[in-house]
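What follows is the content of start-v4.txt, which has compact mmCIF, C-alpha atoms:
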```
# COMPACT_ATOMS: atom_id res chain seq x y z
CA MET W 1 -50.32 205.37 -45.39
CA ASP W 2 -51.80 207.86 -42.93
CA VAL W 3 -55.03 208.08 -40.97
CA GLN W 4 -55.36 211.82 -41.70
CA GLU W 5 -56.73 212.75 -45.12
CA GLU W 6 -55.05 216.16 -44.93
CA ASN W 7 -51.61 214.56 -44.48
CA LEU W 8 -52.20 212.36 -47.52
CA ARG W 9 -53.37 215.34 -49.56
CA ARG W 10 -50.27 217.37 -48.70
CA ALA W 11 -47.74 214.53 -49.01
CA PRO W 12 -47.13 214.65 -52.79
CA GLU W 13 -46.52 218.41 -52.76
CA LEU W 14 -44.16 218.15 -49.79
CA ILE W 15 -42.25 215.38 -51.56
CA ARG W 16 -42.19 217.42 -54.77
CA ALA W 17 -40.78 220.43 -52.89
CA THR W 18 -38.07 218.28 -51.30
CA LEU W 19 -37.10 216.66 -54.60
CA SER W 20 -37.02 220.09 -56.24
CA LEU W 21 -34.70 221.41 -53.51
CA LEU W 22 -32.41 218.42 -54.00
CA SER W 23 -32.35 218.75 -57.80
CA GLN W 24 -31.50 222.46 -57.52
CA ASN W 25 -28.45 221.45 -55.50
CA GLY W 26 -27.16 218.72 -57.77
CA PHE W 27 -28.95 215.68 -56.33
CA GLY W 28 -30.89 214.18 -59.22
CA THR W 29 -32.59 216.18 -61.97
CA GLU W 30 -35.84 218.10 -62.34
CA GLN W 31 -36.92 215.62 -65.04
CA GLU W 32 -36.83 212.75 -62.52
CA ILE W 33 -39.30 214.35 -60.11
CA GLU W 34 -42.66 213.62 -61.78
CA PRO W 35 -41.80 209.98 -62.62
CA ALA W 36 -40.81 209.51 -58.98
CA LEU W 37 -44.06 211.01 -57.73
CA LYS W 38 -46.06 208.73 -60.03
CA ARG W 39 -44.57 205.72 -58.22
CA ILE W 40 -46.06 206.88 -54.91
CA ARG W 41 -49.49 205.74 -53.77
CA CYS W 42 -51.32 207.39 -50.86
CA THR W 43 -53.93 205.49 -48.84
CA LYS W 44 -55.72 205.44 -45.50
CA SER W 45 -55.78 201.63 -45.60
CA LEU W 46 -53.01 199.79 -43.78
CA VAL W 47 -54.00 196.60 -45.59
CA GLU W 48 -53.65 198.27 -48.99
CA ALA W 49 -50.33 199.82 -48.05
CA ALA W 50 -48.64 196.85 -46.41
CA SER W 51 -50.21 193.51 -47.37
CA SER W 52 -47.91 192.92 -50.35
CA ALA W 53 -44.87 194.87 -49.12
CA ASP W 54 -41.44 193.32 -48.65
CA PHE W 55 -40.33 196.03 -46.24
CA VAL W 56 -42.46 198.32 -44.05
CA VAL W 57 -41.31 201.40 -42.11
CA GLU W 58 -43.56 202.64 -39.30
CA ALA W 59 -43.40 206.30 -38.22
CA VAL W 60 -46.43 206.84 -35.94
CA PHE W 61 -46.26 209.03 -32.83
CA GLU W 62 -43.75 208.12 -30.09
CA ASN W 63 -46.37 206.26 -28.07
CA LEU W 64 -45.57 202.69 -27.05
CA GLU W 65 -49.17 201.44 -26.99
CA LEU W 66 -49.88 202.90 -30.44
CA LYS W 67 -46.72 201.36 -31.87
CA GLN W 68 -47.49 197.96 -30.33
CA LYS W 69 -50.99 198.07 -31.83
CA THR W 70 -49.62 199.07 -35.24
CA PHE W 71 -47.09 196.26 -35.31
CA GLN W 72 -49.65 193.77 -34.07
CA GLU W 73 -51.81 194.73 -37.07
CA LEU W 74 -48.87 194.62 -39.47
CA ASP W 75 -47.88 191.21 -38.12
CA CYS W 76 -51.33 189.91 -39.11
CA ILE W 77 -51.51 191.74 -42.45
CA CYS W 78 -48.05 191.00 -43.88
CA PRO W 79 -46.57 187.68 -45.01
CA PRO W 80 -44.11 186.20 -42.46
CA GLU W 81 -41.10 187.10 -44.63
CA THR W 82 -41.95 190.83 -44.67
CA ILE W 83 -39.52 192.91 -42.59
CA LEU W 84 -41.25 195.34 -40.21
CA ALA W 85 -39.16 198.36 -39.17
CA SER W 86 -39.83 201.10 -36.63
CA ASN W 87 -38.52 204.64 -36.97
CA THR W 88 -38.72 205.23 -33.22
CA SER W 89 -35.92 207.40 -31.85
CA VAL W 90 -35.93 206.10 -28.27
CA ILE W 91 -38.57 203.42 -27.56
CA SER W 92 -37.45 199.83 -27.03
CA ILE W 93 -37.79 197.67 -30.16
CA THR W 94 -38.33 194.65 -27.91
CA GLU W 95 -41.27 196.38 -26.22
CA ILE W 96 -42.71 197.53 -29.55
CA ALA W 97 -42.64 193.91 -30.78
CA ALA W 98 -44.05 192.43 -27.56
CA ARG W 99 -47.63 191.88 -28.80
CA SER W 100 -46.63 190.49 -32.20
CA VAL W 101 -46.23 186.81 -33.11
CA HIS W 102 -43.35 187.06 -35.60
CA ARG W 103 -41.12 189.19 -33.38
CA GLU W 104 -37.99 187.99 -35.17
CA ARG W 105 -38.83 190.16 -38.22
CA ILE W 106 -39.26 193.42 -36.25
CA VAL W 107 -36.27 195.79 -36.27
CA GLY W 108 -35.49 199.42 -35.50
CA THR W 109 -34.54 201.81 -38.30
CA HIS W 110 -34.01 205.21 -36.71
CA PHE W 111 -33.68 207.78 -39.50
CA TRP W 112 -32.36 211.24 -38.57
CA ASN W 113 -34.07 214.47 -39.59
CA PRO W 114 -34.14 215.68 -42.25
CA PRO W 115 -33.84 212.12 -43.59
CA TYR W 116 -33.42 213.25 -47.20
CA LEU W 117 -30.13 214.93 -46.20
CA ILE W 118 -28.76 213.19 -43.08
CA PRO W 119 -27.42 209.76 -44.13
CA LEU W 120 -27.35 208.01 -40.73
CA VAL W 121 -29.86 205.26 -39.92
CA GLU W 122 -29.49 203.25 -36.72
CA VAL W 123 -30.42 199.60 -37.33
CA VAL W 124 -31.49 198.40 -33.89
CA ARG W 125 -31.72 194.75 -32.84
CA GLY W 126 -34.63 193.84 -30.60
CA LYS W 127 -34.30 190.90 -28.21
CA GLU W 128 -35.72 188.49 -30.81
CA THR W 129 -34.69 190.20 -34.08
CA SER W 130 -33.03 187.65 -36.36
CA ASP W 131 -29.58 188.01 -37.94
CA HIS W 132 -31.22 187.72 -41.37
CA VAL W 133 -33.48 190.71 -40.69
CA MET W 134 -30.59 192.81 -39.34
CA ASN W 135 -28.39 192.03 -42.34
CA ALA W 136 -31.15 192.43 -44.94
CA THR W 137 -32.19 195.78 -43.46
CA PHE W 138 -28.59 197.00 -43.39
CA ALA W 139 -28.07 195.95 -47.02
CA LEU W 140 -31.29 197.62 -48.22
CA LEU W 141 -30.40 200.91 -46.52
CA GLU W 142 -26.93 200.84 -48.07
CA GLU W 143 -28.46 200.16 -51.48
CA VAL W 144 -30.69 203.25 -51.27
CA GLY W 145 -27.76 205.47 -50.32
CA LYS W 146 -28.10 205.73 -46.54
CA HIS W 147 -25.32 205.20 -43.99
CA PRO W 148 -26.64 202.42 -41.71
CA VAL W 149 -24.97 201.45 -38.43
CA MET W 150 -25.62 198.34 -36.35
CA VAL W 151 -26.90 198.80 -32.78
CA HIS W 152 -26.50 195.44 -31.09
CA LYS W 153 -28.31 196.15 -27.80
CA ASP W 154 -31.85 197.51 -27.47
CA VAL W 155 -31.22 200.29 -24.94
CA PRO W 156 -33.19 203.55 -24.46
CA GLY W 157 -32.00 206.16 -26.96
CA PHE W 158 -29.92 203.61 -28.90
CA VAL W 159 -26.51 205.22 -29.69
CA ALA W 160 -26.80 208.63 -31.32
CA ASN W 161 -29.55 210.03 -29.09
CA ARG W 162 -27.67 208.94 -25.97
CA LEU W 163 -24.66 210.90 -27.20
CA GLN W 164 -26.76 213.89 -28.26
CA HIS W 165 -28.70 214.21 -25.03
CA ALA W 166 -25.61 213.73 -22.85
CA LEU W 167 -24.33 216.91 -24.51
CA TRP W 168 -27.70 218.67 -24.16
CA ARG W 169 -27.89 217.80 -20.45
CA GLU W 170 -24.49 219.40 -19.79
CA ALA W 171 -25.32 222.42 -21.99
CA ILE W 172 -28.54 223.11 -20.08
CA SER W 173 -26.79 222.53 -16.74
CA ILE W 174 -24.13 225.14 -17.57
CA VAL W 175 -26.85 227.74 -18.20
CA GLU W 176 -28.78 226.66 -15.09
CA ARG W 177 -25.70 227.04 -12.90
CA GLY W 178 -24.94 230.50 -14.26
CA ILE W 179 -21.58 229.46 -15.70
CA ALA W 180 -22.47 230.95 -19.09
CA ASP W 181 -25.58 232.03 -20.96
CA ALA W 182 -27.26 230.01 -23.71
CA ALA W 183 -25.66 232.00 -26.54
CA THR W 184 -22.17 231.38 -25.13
CA VAL W 185 -22.82 227.65 -24.72
CA ASP W 186 -23.94 227.35 -28.34
CA GLU W 187 -21.00 229.45 -29.56
CA CYS W 188 -18.51 227.24 -27.70
CA ILE W 189 -19.84 224.25 -29.61
CA ARG W 190 -20.41 225.94 -32.97
CA PHE W 191 -17.04 227.72 -33.11
CA GLY W 192 -15.04 225.22 -31.06
CA PHE W 193 -15.01 221.44 -30.97
CA GLY W 194 -18.19 221.28 -33.07
CA LEU W 195 -16.18 222.35 -36.12
CA ARG W 196 -14.05 219.22 -36.05
CA LEU W 197 -16.77 216.70 -35.11
CA PRO W 198 -17.78 215.92 -38.72
CA ILE W 199 -14.23 214.82 -39.54
CA LEU W 200 -12.75 213.88 -36.14
CA ALA W 201 -15.20 212.02 -33.91
CA PRO W 202 -14.72 211.70 -30.11
CA LEU W 203 -13.04 208.29 -29.96
CA GLU W 204 -10.75 209.15 -32.88
CA ASN W 205 -9.92 212.35 -31.01
CA SER W 206 -9.14 210.39 -27.85
CA ASP W 207 -6.74 208.20 -29.80
CA MET W 208 -5.19 211.28 -31.40
CA VAL W 209 -4.41 213.07 -28.13
CA GLY W 210 -3.65 209.78 -26.39
CA ASN W 211 -5.90 207.73 -24.14
CA ALA W 212 -3.60 208.34 -21.19
CA LEU W 213 -4.34 212.06 -21.47
CA THR W 214 -8.07 211.33 -21.82
CA LEU W 215 -7.90 209.22 -18.65
CA SER W 216 -6.09 212.00 -16.81
CA ILE W 217 -8.67 214.60 -17.88
CA HIS W 218 -11.60 212.34 -17.01
CA SER W 219 -10.12 211.53 -13.60
CA TYR W 220 -10.36 215.23 -12.81
CA ILE W 221 -13.41 216.55 -14.67
CA LEU W 222 -16.10 213.86 -14.73
CA LYS W 223 -17.09 214.39 -11.09
CA HIS W 224 -17.81 218.03 -11.92
CA LEU W 225 -20.14 217.29 -14.88
CA GLU W 226 -23.94 217.11 -14.62
CA SER W 227 -24.98 213.60 -13.62
CA SER W 228 -28.62 214.02 -12.61
CA PRO W 229 -30.93 211.28 -13.93
CA ASP W 230 -33.81 213.77 -14.01
CA PRO W 231 -34.60 216.56 -16.48
CA SER W 232 -33.19 219.96 -15.58
CA PRO W 233 -35.32 222.15 -13.26
CA LEU W 234 -34.53 225.02 -15.66
CA LEU W 235 -35.93 223.04 -18.60
CA LYS W 236 -39.05 222.13 -16.61
CA ALA W 237 -39.58 225.77 -15.65
CA LYS W 238 -39.28 226.92 -19.26
CA VAL W 239 -41.90 224.40 -20.38
CA GLN W 240 -44.21 225.50 -17.54
CA ARG W 241 -43.79 229.13 -18.66
CA ASN W 242 -44.61 228.11 -22.26
CA GLU W 243 -41.07 229.00 -23.38
CA LEU W 244 -41.07 226.21 -25.95
CA GLY W 245 -38.64 227.65 -28.51
CA PHE W 246 -39.65 228.12 -32.15
CA LYS W 247 -43.33 227.42 -31.40
CA THR W 248 -43.77 230.28 -28.93
CA GLY W 249 -40.96 232.67 -29.90
CA LYS W 250 -38.95 232.09 -26.74
CA GLY W 251 -36.92 229.21 -25.32
CA PHE W 252 -33.26 229.35 -24.42
CA HIS W 253 -33.10 232.05 -27.13
CA GLU W 254 -35.57 234.65 -28.45
CA TRP W 255 -37.13 233.69 -31.80
CA THR W 256 -38.92 235.95 -34.25
CA PRO W 257 -40.52 234.35 -37.32
CA GLU W 258 -37.63 235.76 -39.38
CA LYS W 259 -35.02 234.21 -37.09
CA VAL W 260 -36.82 230.86 -37.19
CA GLN W 261 -36.80 230.91 -40.99
CA GLN W 262 -33.14 231.96 -41.09
CA CYS W 263 -32.18 229.14 -38.72
CA ARG W 264 -33.99 226.51 -40.79
CA GLU W 265 -32.48 227.80 -44.03
CA ARG W 266 -29.00 227.95 -42.51
CA LEU W 267 -29.29 224.33 -41.40
CA THR W 268 -30.52 223.17 -44.82
CA ARG W 269 -27.70 224.99 -46.63
CA TYR W 270 -25.11 223.54 -44.28
CA LEU W 271 -26.42 219.99 -44.59
CA ILE W 272 -26.51 220.18 -48.39
CA GLN W 273 -22.88 221.29 -48.47
CA ALA W 274 -21.90 218.66 -45.89
CA VAL W 275 -23.52 215.87 -47.93
CA LYS W 276 -21.76 217.10 -51.07
CA LYS W 277 -18.39 217.06 -49.30
CA THR W 278 -19.07 213.58 -47.95
CA GLN W 279 -19.81 212.33 -51.45
CA GLU W 280 -16.60 213.95 -52.75
CA VAL W 281 -14.55 212.20 -50.06
CA GLN W 282 -16.17 208.85 -50.87
```
Would it be possible to restate this file's structure as structure tokens?
Amino acid sequence: MDVQEENLRRAPELIRATLSLLSQNGFGTEQEIEPALKRIRCTKSLVEAASSADFVVEAVFENLELKQKTFQELDCICPPETILASNTSVISITEIAARSVHRERIVGTHFWNPPYLIPLVEVVRGKETSDHVMNATFALLEEVGKHPVMVHKDVPGFVANRLQHALWREAISIVERGIADAATVDECIRFGFGLRLPILAPLENSDMVGNALTLSIHSYILKHLESSPDPSPLLKAKVQRNELGFKTGKGFHEWTPEKVQQCRERLTRYLIQAVKKTQEVQ
């Protein structure tokens, strides 16, 4: 369901293109695409879309008031047993559910982009989310081939975005302080510890080197890391100068249309290969 007719018109072709990309890389077959598309219905009516659904996923803009209004409507439209999930990446599930009556059936399901390739979905418990809803959501996501994880406390950014933006804050700070330029920062991650992250995550790594060593390193280095609770002045200045990245051709790096396309294609190729390797390991 969407309020924009143009989005509904384009949706089937976008889905077809995605399914075609997947089939070309060994995920499903070309013959399965049209039958899949025929099972999709597009509508501008929330009642038509949700009134008989067992499970609803909301993905409106990251605006708390809009999300509260949407869930208030869904809470009236759907039977009490319908699970209502939000794809928000940072907003509190408890706050999203605040205006609804059946708050126990509202849960966070934060998919990561592109969701047809990245398996992670954070299943986030709001203050009043029931155990049944958490477990049923987790089971459904597993059944459709995702990799769900339980987030037991409704905190800003949940788990993965807190980790991601802690890294981004330090990366931007290093550039701001003149320690290294943006290209060097990205290279240090891409050709350094970033290479092992898919197979050796931080807490596994800490256990590998020994937590005593981790404690020793942290005792020295943490006081030197960026700890500001506010966005970087450098980041603010770039936004004020309209250095928005891909959209304007300049951000922390320079971007031509060709470089933008190459970056997107490089990411897609990498993710496809990463998903294939993950499936081989499983």
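Residue nearest Arg105 (chain W) within the list W:Glu62, W:Glu176, W:Glu81, W:Glu254: W:Glu81 [criterion: smallest interatomic distance, all atoms listed in the file].
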Distance query region 72-77 of chain W at most 8 Å, all atoms listed in the file, self and fewer than 2 positions along chain excluded, as a tab-separated table (two decimals) with C-alpha atoms, in the frame of the given file:
```tsv
chain	number	residue	atom	x	y	z
W	46	LEU	CA	-53.01	199.79	-43.78
W	47	VAL	CA	-54.00	196.60	-45.59
W	50	ALA	CA	-48.64	196.85	-46.41
W	51	SER	CA	-50.21	193.51	-47.37
W	68	GLN	CA	-47.49	197.96	-30.33
W	69	LYS	CA	-50.99	198.07	-31.83
W	70	THR	CA	-49.62	199.07	-35.24
W	79	PRO	CA	-46.57	187.68	-45.01
W	80	PRO	CA	-44.11	186.20	-42.46
W	84	LEU	CA	-41.25	195.34	-40.21
W	97	ALA	CA	-42.64	193.91	-30.78
W	99	ARG	CA	-47.63	191.88	-28.80
W	100	SER	CA	-46.63	190.49	-32.20
W	101	VAL	CA	-46.23	186.81	-33.11
W	102	HIS	CA	-43.35	187.06	-35.60
```
Could you give me, as a PyMOL selection string, the residues within 8 Å of Lys44 (chain W), counting only C-alpha atoms and dropping anything in the same chain fewer than 4 positions from it? chain W and resi 1-5
For Phe252 (chain W): contacts at 10 Å, only C-alpha atoms, fewer than 5 positions along chain excluded, given as a list in words: Ile172, Val175, Asp181, Ala182, Ala183, Leu234, Leu235, Lys238, Glu243, Leu244 and Gly245 of chain W
Write out as a PyMOL selection string which residues come within 10 Å of Ser228 (chain W) when counting all atoms listed in the file, dropping same-chain ones fewer than 2 positions away. chain W and resi 169-170+173+225-226+230-232
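Coordinates place CA of Ile217 (chain W) at a distance of 23.3 Å from CA of Ala160 (chain W).
For the residues W:His218, W:Arg162, W:Lys146, W:His253, ranking by smallest atom-to-atom distance to Asp186 (chain W) using all atoms listed in the file places W:His253 first.
One distance worth recording is that between CA of Leu21 (chain W) and CA of Glu265 (chain W), which is 11.6 Å.
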